[in-house]
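Quick look at protein.tsv (TSV, C-alpha atoms):
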chain	number	residue	atom	x	y	z
L	25	MET	CA	18.01	1.35	13.12
L	26	SER	CA	19.93	3.62	10.81
L	27	SER	CA	17.50	3.57	7.89
L	28	ILE	CA	13.93	2.62	7.07
L	29	GLN	CA	12.16	2.47	3.73
L	30	LEU	CA	8.49	3.02	2.88
L	31	ASP	CA	7.10	1.48	-0.29
L	32	GLY	CA	3.75	0.44	-1.69
L	33	SER	CA	2.53	-2.53	-3.67
L	34	HIS	CA	-0.42	-2.51	-6.06
L	35	THR	CA	-1.78	-6.06	-6.15
L	36	PRO	CA	-4.49	-7.52	-8.39
L	37	ALA	CA	-7.43	-8.76	-6.33
L	38	LYS	CA	-9.38	-10.89	-8.79
L	39	ARG	CA	-11.60	-12.41	-6.10
L	40	GLY	CA	-12.33	-9.16	-4.30
L	41	GLY	CA	-11.45	-8.34	-0.70
L	42	GLU	CA	-10.94	-5.23	1.38
L	43	ALA	CA	-10.38	-1.88	-0.35
L	44	VAL	CA	-10.58	-3.30	-3.87
L	45	VAL	CA	-11.29	-0.83	-6.68
L	46	TYR	CA	-11.23	-1.25	-10.45
L	47	GLN	CA	-8.27	0.57	-11.96
L	48	ASN	CA	-8.81	1.31	-15.63
L	49	ARG	CA	-5.09	1.78	-16.32
L	50	LYS	CA	-4.34	-1.80	-15.22
L	51	LYS	CA	-7.70	-3.19	-16.43
L	52	SER	CA	-8.13	-5.04	-13.15
L	53	LYS	CA	-9.41	-4.78	-9.59
L	54	ILE	CA	-6.51	-3.56	-7.48
L	55	THR	CA	-5.68	-3.11	-3.80
L	56	ASN	CA	-2.67	-1.26	-2.40
L	57	VAL	CA	-0.62	-1.87	0.75
L	58	LEU	CA	2.26	0.15	2.22
L	59	PHE	CA	5.30	-1.61	3.69
L	60	LEU	CA	7.82	-0.25	6.17
L	61	THR	CA	11.15	-2.10	5.88
L	62	ASP	CA	14.62	-1.89	7.35
L	63	LYS	CA	17.68	-1.12	5.23
L	64	ASN	CA	17.98	-4.81	4.27
L	65	GLY	CA	14.41	-4.96	2.97
L	66	LEU	CA	13.01	-6.98	5.87
L	67	PRO	CA	9.40	-5.97	6.60
L	68	LEU	CA	8.81	-4.19	9.90
L	69	ALA	CA	5.18	-3.15	9.45
L	70	MET	CA	2.38	-3.25	6.90
L	71	SER	CA	-0.59	-0.93	6.47
L	72	GLU	CA	-4.19	-1.95	6.17
L	73	PRO	CA	-5.43	-2.34	2.57
L	74	ILE	CA	-5.88	0.92	0.66
L	75	ASP	CA	-8.08	1.45	-2.40
L	76	GLY	CA	-6.04	0.54	-5.47
L	77	ASN	CA	-7.06	3.57	-7.49
L	78	HIS	CA	-4.70	5.79	-5.46
L	79	ASN	CA	-0.94	6.14	-5.66
L	80	ASP	CA	1.41	5.15	-2.83
L	81	LEU	CA	1.49	8.66	-1.35
L	82	PHE	CA	-2.30	8.94	-0.94
L	83	ARG	CA	-2.82	9.88	2.74
L	84	VAL	CA	0.62	8.43	3.50
L	85	ASP	CA	0.85	10.39	6.77
L	86	PHE	CA	-2.37	8.81	8.07
L	87	PHE	CA	-1.42	5.22	7.11
L	88	PHE	CA	2.19	5.64	8.28
L	89	LEU	CA	1.05	6.73	11.75
L	90	LYS	CA	-1.34	3.76	11.95
L	91	MET	CA	1.59	1.39	11.27
L	92	LEU	CA	3.60	2.70	14.25

Now, as a test, write the supplied structure out as structure tokens.
Amino acid sequence: MSSIQLDGSHTPAKRGGEAVVYQNRKKSKITNVLFLTDKNGLPLAMSEPIDGNHNDLFRVDFFFLKML
């Protein structure tokens, strides 16, 4: 593999779920997940849900190591 990408996705969780927190800026309950993809965008790994009131880099080292 010559390149990998790490990105996050804030997703509305209207019915609740794991790591769901109200985010005032988006006026909704949000959860966040990190994705590890190859250079073509194909998913290789996904983190466990993260509280949605944090940005993508919140404890990224911890969640990245858990994905490996």

Practice task
Go through L:Ser52, L:Gln47, L:Asn77, L:Ser27 and flag the residue nearest Gly65 in chain L, using all atoms listed in the file for the distances.
Solution key: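 Going through L:Ser52, L:Gln47, L:Asn77, L:Ser27 one by one, the smallest distance to Gly65 in chain L is for L:Ser27.
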
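Between Ile74 in chain L and the candidates L:Ala43, L:Ala37, L:Lys53, L:Ser26, the tightest atom-to-atom separation, counting only C-alpha atoms, involves L:Ala43.
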
Exercise for the section: Just the residues within 12 Å of Leu89 in chain L, please, counting all atoms listed in the file, with nothing from its chain fewer than 3 positions along; format it as a PyMOL selection string. Expected result: chain L and resi 58+60+69-72+83-86+92

Handout entry: Contacts of Thr61 in chain L at 7 Å (all atoms listed in the file; same-chain gap of 5+ positions) as a PyMOL selection string
Key = chain L and resi 28-30+66-68

Exercise for the section: Rounded to one decimal place, report the CA of Lys90 in chain L-CA of Pro36 in chain L distance in Å. Expected result: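 For CA of Lys90 in chain L relative to CA of Pro36 in chain L, the distance reads 23.5 Å.
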
Handout entry: Nearest residue to Phe88 in chain L from the set L:Asp75, L:Tyr46, L:Phe59, L:Asn64 (distances using all atoms listed in the file)
Key =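 Nearest candidate to Phe88 in chain L out of L:Asp75, L:Tyr46, L:Phe59, L:Asn64: L:Phe59.
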